[in-house]
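Colleague: Input: one structure, supplied below.
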Amino acid sequence: MYALVDGNNFYVSCERVFRPSLNGRPVVVLSNNDGCAVARSNEAKALGIAMGAPWFQIRHLEETAGLVGLSANFVLYGDMSDRMMSLAAGLGPTQEIYSIDESFIGLHGVRGDLTRRAHAIRARILRWTGIPCGVGIGPTKTLAKLANHIAKTAERKPGSYPADLAQVCNLAALPAQDLDDVLRATAVGEVWGVGRRIGAQLVEAGICNVLDLARMDPATVRRRWNVTLERTVRELQGMPCVQLEDAPAPKKEIACTRSFGRPVTDLAPLLEAVSEFASRAAEKLRDQGSLCARLLVFAHTSPHRPGPRFNRSTVVPLRRPTADTNQLVQAAVNGMRYIYLPGYQLIKAGVMLLELQGNDVHQGELDLEPEAGRDRSQLMTALDAINGRYGKGTLHVGATGATEQERTWGMRQERRTPRYTTRWEEVPVAKA
């Protein structure tokens, strides 16, 4: 048995924890540079605001419908996610954190009433963090995710499903006829792993709901579509095909890219930007215990703005695979110096670490430059420990610039709320 714990409208819920005045109001959280809606409250969805809607197209709803638009506060969301996941882990012995707001819990060996246990964990998460969530339980991960969708839909849209499935839905506890009715009432496109294209093909073939899909012959599905959809069908039939991953597999590539808050034309801020991106990527590299052999750096202008076009990149090979921030920053700086041309309004740049390998693999060579081969792993460990304790960017290489406020290439976040839980100077103050 598996459970999926998922925070409801997670980014918006995090904001509402510290600003109760937002409860009941339409709220959207915007993407980097306040571009488009990446999270919506139920009230905002009721206004017809679609996921990804550009802010400039919905901004008029501030005046007409009381819409509140907020800049993304990813530092806050990450910290609140850690708190929620630590509580969700109490549901069962194993856990896979699937995304910032979703967590699979393995329930193997857990005794007693699983539905009651899930309600208790959900109530604890709400009481201790303020984040409302839905819990779905099923014999497979696909059924658990489907159950979670049913639990949240039953709460958000009364009458769409039986009321007792709201908040927590345990498909394994439903009588056979009730389970068939619930699956029949759920569109096939709501199944985890059924994308828009495959979903359209299934509907065209007369497979319109989950029950229709679950009753298909897996071998036929594989011949007509693919092995991925066959695996989905088997999971809907109660046969586990997707196992719980206690730890994510190491990434084969690591990228850190960002759009600028305003166009950049000079080389100096570009060098600061790619230095920051290389530093962030190096931290992720060390976190998964890998080394990088090649680094790609790129920059380009906006395809939507008038003016000359620029879109260049280069790959910088490293003498030996490394996870050293200084060496990766130097490679990124050298690459940007190589591709830079004046006269262009650049809107985005980034760094990608390529040809990753485990840090237990060492390259042997003559030690002709002792200084270049000096082991700086303890220094990098100390760097990560300080930034982990006091916040990202507390200790950084000088090439990234002095402070966030002085960076002309930084993101536009005019509507960001305080980082309540990770910055002493931004901790909320209660006044009598």
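Naming works like this for the structure tokens: A, B, ... for the chains as they're shown, residue 1 at the start of each chain, ligands 1 onward in shown order.
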As a PDB file with N, CA and C atoms, in the first residue's frame, please: every residue in segment 8-247 of chain A that DSSP puts in strand (DSSP E).
Modeller:
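That gives us selection-v5.pdb:
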ATOM      1  N   VAL A  27      -5.927  34.489  -5.003  1.00  0.00           N
ATOM      2  CA  VAL A  27      -4.492  34.744  -4.887  1.00  0.00           C
ATOM      3  C   VAL A  27      -3.764  33.947  -5.960  1.00  0.00           C
ATOM      4  N   VAL A  28      -2.786  34.569  -6.603  1.00  0.00           N
ATOM      5  CA  VAL A  28      -1.898  33.858  -7.520  1.00  0.00           C
ATOM      6  C   VAL A  28      -0.460  34.152  -7.110  1.00  0.00           C
ATOM      7  N   VAL A  29       0.400  33.152  -7.262  1.00  0.00           N
ATOM      8  CA  VAL A  29       1.836  33.332  -7.079  1.00  0.00           C
ATOM      9  C   VAL A  29       2.449  33.333  -8.464  1.00  0.00           C
ATOM     10  N   LEU A  30       3.339  34.297  -8.706  1.00  0.00           N
ATOM     11  CA  LEU A  30       3.888  34.523 -10.034  1.00  0.00           C
ATOM     12  C   LEU A  30       5.254  33.878 -10.193  1.00  0.00           C
ATOM     13  N   ALA A  37       1.273  33.203 -13.776  1.00  0.00           N
ATOM     14  CA  ALA A  37       0.751  32.519 -12.589  1.00  0.00           C
ATOM     15  C   ALA A  37       1.233  31.074 -12.555  1.00  0.00           C
ATOM     16  N   VAL A  38       1.914  30.698 -11.468  1.00  0.00           N
ATOM     17  CA  VAL A  38       2.385  29.315 -11.304  1.00  0.00           C
ATOM     18  C   VAL A  38       1.671  28.617 -10.152  1.00  0.00           C
ATOM     19  N   ALA A  39       0.851  29.344  -9.414  1.00  0.00           N
ATOM     20  CA  ALA A  39       0.025  28.749  -8.355  1.00  0.00           C
ATOM     21  C   ALA A  39      -1.212  29.621  -8.197  1.00  0.00           C
ATOM     22  N   ARG A  40      -2.361  28.977  -7.960  1.00  0.00           N
ATOM     23  CA  ARG A  40      -3.634  29.699  -7.870  1.00  0.00           C
ATOM     24  C   ARG A  40      -4.451  29.163  -6.711  1.00  0.00           C
ATOM     25  N   VAL A  68      -5.089  39.089  -5.698  1.00  0.00           N
ATOM     26  CA  VAL A  68      -3.798  39.408  -5.091  1.00  0.00           C
ATOM     27  C   VAL A  68      -2.716  38.629  -5.839  1.00  0.00           C
ATOM     28  N   GLY A  69      -1.753  39.343  -6.384  1.00  0.00           N
ATOM     29  CA  GLY A  69      -0.632  38.711  -7.072  1.00  0.00           C
ATOM     30  C   GLY A  69       0.635  38.862  -6.247  1.00  0.00           C
ATOM     31  N   LEU A  70       1.347  37.753  -6.017  1.00  0.00           N
ATOM     32  CA  LEU A  70       2.557  37.763  -5.188  1.00  0.00           C
ATOM     33  C   LEU A  70       3.732  37.190  -5.965  1.00  0.00           C
ATOM     34  N   SER A  71       4.912  37.757  -5.756  1.00  0.00           N
ATOM     35  CA  SER A  71       6.122  37.199  -6.341  1.00  0.00           C
ATOM     36  C   SER A  71       6.466  35.890  -5.650  1.00  0.00           C
ATOM     37  N   THR A  94       8.527   4.270   5.047  1.00  0.00           N
ATOM     38  CA  THR A  94       9.383   4.734   3.946  1.00  0.00           C
ATOM     39  C   THR A  94       8.749   5.950   3.288  1.00  0.00           C
ATOM     40  N   GLN A  95       9.611   6.761   2.680  1.00  0.00           N
ATOM     41  CA  GLN A  95       9.127   8.008   2.080  1.00  0.00           C
ATOM     42  C   GLN A  95       9.927   8.327   0.833  1.00  0.00           C
ATOM     43  N   GLU A  96       9.226   8.805  -0.189  1.00  0.00           N
ATOM     44  CA  GLU A  96       9.859   9.352  -1.393  1.00  0.00           C
ATOM     45  C   GLU A  96       9.308  10.753  -1.607  1.00  0.00           C
ATOM     46  N   ILE A  97      10.158  11.765  -1.476  1.00  0.00           N
ATOM     47  CA  ILE A  97       9.725  13.147  -1.722  1.00  0.00           C
ATOM     48  C   ILE A  97       9.728  13.354  -3.225  1.00  0.00           C
ATOM     49  N   TYR A  98       8.535  13.430  -3.786  1.00  0.00           N
ATOM     50  CA  TYR A  98       8.379  13.460  -5.239  1.00  0.00           C
ATOM     51  C   TYR A  98       8.549  14.866  -5.805  1.00  0.00           C
ATOM     52  N   SER A  99       8.096  15.865  -5.089  1.00  0.00           N
ATOM     53  CA  SER A  99       8.245  17.266  -5.504  1.00  0.00           C
ATOM     54  C   SER A  99       8.168  18.130  -4.264  1.00  0.00           C
ATOM     55  N   GLU A 102       4.700  17.228  -2.833  1.00  0.00           N
ATOM     56  CA  GLU A 102       4.179  15.867  -2.906  1.00  0.00           C
ATOM     57  C   GLU A 102       5.158  14.872  -2.312  1.00  0.00           C
ATOM     58  N   SER A 103       4.620  13.895  -1.606  1.00  0.00           N
ATOM     59  CA  SER A 103       5.450  12.882  -0.964  1.00  0.00           C
ATOM     60  C   SER A 103       4.723  11.544  -0.968  1.00  0.00           C
ATOM     61  N   PHE A 104       5.363  10.523  -1.548  1.00  0.00           N
ATOM     62  CA  PHE A 104       4.837   9.170  -1.470  1.00  0.00           C
ATOM     63  C   PHE A 104       5.294   8.532  -0.158  1.00  0.00           C
ATOM     64  N   ILE A 105       4.391   7.844   0.507  1.00  0.00           N
ATOM     65  CA  ILE A 105       4.693   7.144   1.751  1.00  0.00           C
ATOM     66  C   ILE A 105       4.391   5.659   1.565  1.00  0.00           C
ATOM     67  N   GLY A 106       5.371   4.811   1.866  1.00  0.00           N
ATOM     68  CA  GLY A 106       5.144   3.377   1.843  1.00  0.00           C
ATOM     69  C   GLY A 106       4.443   2.928   3.117  1.00  0.00           C
ATOM     70  N   CYS A 133      -3.716  19.778   3.195  1.00  0.00           N
ATOM     71  CA  CYS A 133      -3.240  18.803   2.211  1.00  0.00           C
ATOM     72  C   CYS A 133      -4.298  17.729   1.991  1.00  0.00           C
ATOM     73  N   GLY A 134      -4.132  17.014   0.905  1.00  0.00           N
ATOM     74  CA  GLY A 134      -4.975  15.863   0.614  1.00  0.00           C
ATOM     75  C   GLY A 134      -4.139  14.606   0.684  1.00  0.00           C
ATOM     76  N   VAL A 135      -4.761  13.498   1.048  1.00  0.00           N
ATOM     77  CA  VAL A 135      -4.062  12.216   1.151  1.00  0.00           C
ATOM     78  C   VAL A 135      -4.811  11.188   0.326  1.00  0.00           C
ATOM     79  N   GLY A 136      -4.086  10.522  -0.571  1.00  0.00           N
ATOM     80  CA  GLY A 136      -4.656   9.442  -1.355  1.00  0.00           C
ATOM     81  C   GLY A 136      -3.956   8.140  -1.030  1.00  0.00           C
ATOM     82  N   ILE A 137      -4.714   7.058  -0.885  1.00  0.00           N
ATOM     83  CA  ILE A 137      -4.153   5.762  -0.520  1.00  0.00           C
ATOM     84  C   ILE A 137      -4.599   4.729  -1.548  1.00  0.00           C
ATOM     85  N   GLY A 138      -3.645   3.893  -2.000  1.00  0.00           N
ATOM     86  CA  GLY A 138      -3.976   2.854  -2.962  1.00  0.00           C
ATOM     87  C   GLY A 138      -2.921   1.767  -2.980  1.00  0.00           C
ATOM     88  N   VAL A 168      -9.232  12.850   2.462  1.00  0.00           N
ATOM     89  CA  VAL A 168      -8.537  11.556   2.469  1.00  0.00           C
ATOM     90  C   VAL A 168      -9.377  10.559   1.684  1.00  0.00           C
ATOM     91  N   CYS A 169      -8.750   9.935   0.677  1.00  0.00           N
ATOM     92  CA  CYS A 169      -9.427   8.933  -0.136  1.00  0.00           C
ATOM     93  C   CYS A 169      -8.605   7.654  -0.116  1.00  0.00           C
ATOM     94  N   ASN A 170      -9.168   6.592   0.412  1.00  0.00           N
ATOM     95  CA  ASN A 170      -8.523   5.284   0.460  1.00  0.00           C
ATOM     96  C   ASN A 170      -9.256   4.361  -0.504  1.00  0.00           C
TER      97      ASN A 170
END
Colleague: For the structure I just gave you, how does DSSP split segment 16-154 of chain A - specifically, which residues are helix (DSSP H, G or I)? Reply as an MDAnalysis selection string.
Modeller: chainID A and resid 16:18 20:22 32:34 42:46 55:58 61:65 74:91 114:129 141:154
Colleague: Near segment 182-186 of chain A, counting only C-alpha atoms, which residues have an atom at most 6 Å away, once you skip same-chain residues fewer than 2 positions from it, shown as a list of chain:residue names?
Modeller: A:Leu179, A:Asp180, A:Asn209, A:Val210, A:Leu211
Colleague: Excluding Arg124 of chain A and any residue of its chain fewer than 3 positions from it, enumerate the residues within 12 Å of it, using only C-alpha atoms, and give them as a ChimeraX atom specification.
Modeller: /A:83-91,117-121,127-133
Colleague: Any chance you could export the current selection's all heavy atoms as a short mmCIF file (atom, residue, chain, number, x, y, z; two decimals), in the first residue's frame?
Modeller:
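What landed in out-v9.cif:
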data_model
loop_
_atom_site.label_atom_id
_atom_site.label_comp_id
_atom_site.auth_asym_id
_atom_site.auth_seq_id
_atom_site.Cartn_x
_atom_site.Cartn_y
_atom_site.Cartn_z
N ARG A 83 9.26 21.14 6.45
CA ARG A 83 8.47 20.93 7.67
C ARG A 83 7.29 19.98 7.39
O ARG A 83 7.00 19.09 8.19
CB ARG A 83 7.96 22.27 8.20
CG ARG A 83 9.08 23.22 8.62
CD ARG A 83 8.57 24.63 8.88
NE ARG A 83 9.68 25.56 9.08
CZ ARG A 83 9.85 26.31 10.16
NH1 ARG A 83 8.99 26.24 11.16
NH2 ARG A 83 10.86 27.14 10.24
N MET A 84 6.63 20.20 6.26
CA MET A 84 5.49 19.35 5.92
C MET A 84 5.94 17.91 5.68
O MET A 84 5.29 16.95 6.13
CB MET A 84 4.78 19.90 4.68
CG MET A 84 3.48 19.19 4.36
SD MET A 84 2.69 19.74 2.83
CE MET A 84 3.47 18.63 1.66
N MET A 85 7.05 17.73 4.96
CA MET A 85 7.52 16.38 4.63
C MET A 85 7.96 15.62 5.88
O MET A 85 7.77 14.40 5.98
CB MET A 85 8.67 16.46 3.64
CG MET A 85 8.30 17.05 2.29
SD MET A 85 6.88 16.25 1.54
CE MET A 85 6.61 17.30 0.11
N SER A 86 8.55 16.32 6.84
CA SER A 86 8.97 15.64 8.07
C SER A 86 7.77 15.10 8.84
O SER A 86 7.84 14.06 9.48
CB SER A 86 9.79 16.58 8.95
OG SER A 86 9.00 17.67 9.42
N LEU A 87 6.64 15.81 8.78
CA LEU A 87 5.43 15.34 9.44
C LEU A 87 4.75 14.24 8.64
O LEU A 87 4.23 13.27 9.20
CB LEU A 87 4.46 16.51 9.63
CG LEU A 87 4.95 17.62 10.57
CD1 LEU A 87 3.99 18.81 10.53
CD2 LEU A 87 5.08 17.11 11.99
N ALA A 88 4.76 14.37 7.31
CA ALA A 88 4.15 13.34 6.46
C ALA A 88 4.86 12.00 6.63
O ALA A 88 4.24 10.94 6.48
CB ALA A 88 4.18 13.78 5.00
N ALA A 89 6.15 12.03 6.95
CA ALA A 89 6.92 10.80 7.12
C ALA A 89 6.38 9.94 8.25
O ALA A 89 6.63 8.73 8.29
CB ALA A 89 8.39 11.13 7.38
N GLY A 90 5.62 10.52 9.16
CA GLY A 90 5.05 9.75 10.25
C GLY A 90 3.92 8.82 9.83
O GLY A 90 3.46 8.01 10.62
N LEU A 91 3.50 8.93 8.57
CA LEU A 91 2.41 8.08 8.09
C LEU A 91 2.85 6.64 7.86
O LEU A 91 2.05 5.71 7.98
CB LEU A 91 1.84 8.68 6.81
CG LEU A 91 0.56 8.07 6.23
CD1 LEU A 91 -0.56 8.06 7.25
CD2 LEU A 91 0.13 8.83 4.98
N ARG A 117 -5.66 6.84 10.21
CA ARG A 117 -4.27 7.28 10.43
C ARG A 117 -3.95 8.46 9.51
O ARG A 117 -3.30 9.43 9.93
CB ARG A 117 -3.32 6.12 10.17
CG ARG A 117 -1.85 6.41 10.43
CD ARG A 117 -0.98 5.20 10.11
NE ARG A 117 0.43 5.47 10.34
CZ ARG A 117 1.04 5.27 11.50
NH1 ARG A 117 0.36 4.79 12.52
NH2 ARG A 117 2.32 5.53 11.63
N ALA A 118 -4.40 8.38 8.26
CA ALA A 118 -4.14 9.47 7.31
C ALA A 118 -4.83 10.76 7.75
O ALA A 118 -4.27 11.86 7.63
CB ALA A 118 -4.61 9.06 5.92
N HIS A 119 -6.06 10.64 8.26
CA HIS A 119 -6.76 11.84 8.76
C HIS A 119 -5.98 12.46 9.92
O HIS A 119 -5.88 13.70 10.02
CB HIS A 119 -8.17 11.47 9.22
CG HIS A 119 -9.20 11.49 8.14
ND1 HIS A 119 -9.61 12.66 7.53
CD2 HIS A 119 -9.89 10.48 7.54
CE1 HIS A 119 -10.52 12.39 6.62
NE2 HIS A 119 -10.72 11.07 6.59
N ALA A 120 -5.41 11.63 10.79
CA ALA A 120 -4.66 12.15 11.94
C ALA A 120 -3.39 12.87 11.49
O ALA A 120 -3.06 13.95 12.00
CB ALA A 120 -4.31 11.00 12.88
N ILE A 121 -2.68 12.30 10.50
CA ILE A 121 -1.45 12.95 10.00
C ILE A 121 -1.80 14.24 9.29
O ILE A 121 -1.12 15.27 9.44
CB ILE A 121 -0.69 11.99 9.07
CG1 ILE A 121 -0.12 10.81 9.86
CG2 ILE A 121 0.42 12.73 8.34
CD1 ILE A 121 0.93 11.19 10.88
N ARG A 127 -2.26 21.55 11.70
CA ARG A 127 -2.13 22.21 13.00
C ARG A 127 -0.72 22.75 13.22
O ARG A 127 -0.55 23.84 13.76
CB ARG A 127 -2.50 21.22 14.11
CG ARG A 127 -2.50 21.83 15.51
CD ARG A 127 -3.11 20.87 16.51
NE ARG A 127 -2.33 19.65 16.66
CZ ARG A 127 -2.72 18.46 16.22
NH1 ARG A 127 -3.88 18.33 15.59
NH2 ARG A 127 -1.94 17.39 16.38
N TRP A 128 0.28 22.02 12.81
CA TRP A 128 1.66 22.40 13.11
C TRP A 128 2.28 23.31 12.05
O TRP A 128 3.24 24.03 12.34
CB TRP A 128 2.53 21.15 13.29
CG TRP A 128 2.21 20.39 14.54
CD1 TRP A 128 1.17 20.59 15.41
CD2 TRP A 128 2.95 19.28 15.08
NE1 TRP A 128 1.20 19.69 16.44
CE2 TRP A 128 2.29 18.86 16.27
CE3 TRP A 128 4.09 18.60 14.67
CZ2 TRP A 128 2.74 17.80 17.04
CZ3 TRP A 128 4.53 17.52 15.44
CH2 TRP A 128 3.88 17.13 16.60
N THR A 129 1.80 23.26 10.81
CA THR A 129 2.39 24.11 9.76
C THR A 129 1.39 25.06 9.14
O THR A 129 1.79 26.05 8.52
CB THR A 129 2.99 23.24 8.63
OG1 THR A 129 1.93 22.60 7.91
CG2 THR A 129 3.96 22.20 9.17
N GLY A 130 0.10 24.77 9.26
CA GLY A 130 -0.91 25.60 8.62
C GLY A 130 -1.16 25.25 7.17
O GLY A 130 -1.94 25.94 6.50
N ILE A 131 -0.54 24.17 6.66
CA ILE A 131 -0.69 23.79 5.26
C ILE A 131 -1.79 22.74 5.14
O ILE A 131 -1.67 21.64 5.68
CB ILE A 131 0.63 23.21 4.69
CG1 ILE A 131 1.77 24.21 4.83
CG2 ILE A 131 0.44 22.80 3.23
CD1 ILE A 131 1.61 25.46 4.02
N PRO A 132 -2.88 23.02 4.40
CA PRO A 132 -3.89 21.99 4.15
C PRO A 132 -3.39 21.03 3.08
O PRO A 132 -2.68 21.43 2.15
CB PRO A 132 -5.09 22.80 3.66
CG PRO A 132 -4.49 24.01 3.02
CD PRO A 132 -3.25 24.33 3.82
N CYS A 133 -3.72 19.78 3.19
CA CYS A 133 -3.24 18.80 2.21
C CYS A 133 -4.30 17.73 1.99
O CYS A 133 -5.23 17.57 2.79
CB CYS A 133 -1.93 18.17 2.65
SG CYS A 133 -2.00 17.23 4.18
#
Colleague: Record the distance separating atom CA of Ile125 of chain A and atom CA of Tyr11 of chain A, expressed in Å with one decimal.
Modeller: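 Calculated distance between atom CA of Ile125 of chain A and atom CA of Tyr11 of chain A is 15.4 Å.
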Colleague: For segment 255-263 of chain A, work out the shell of residues within 12 Å, counting only C-alpha atoms and skipping chain neighbours fewer than 6 positions away, then give it as number ranges by chain.
Modeller: A: 31-35, 269-270, 273-285, 292, 295-302, 305, 307, 332, 343-354, 356, 407-414
Colleague: Quick one: everything within 8 Å of Lys141 of chain A, counting only C-alpha atoms, minus sequence neighbours fewer than 6 positions away in the same chain. Send it as an MDAnalysis selection string.
Modeller: chainID A and resid 2:4 104 235 240 242:243
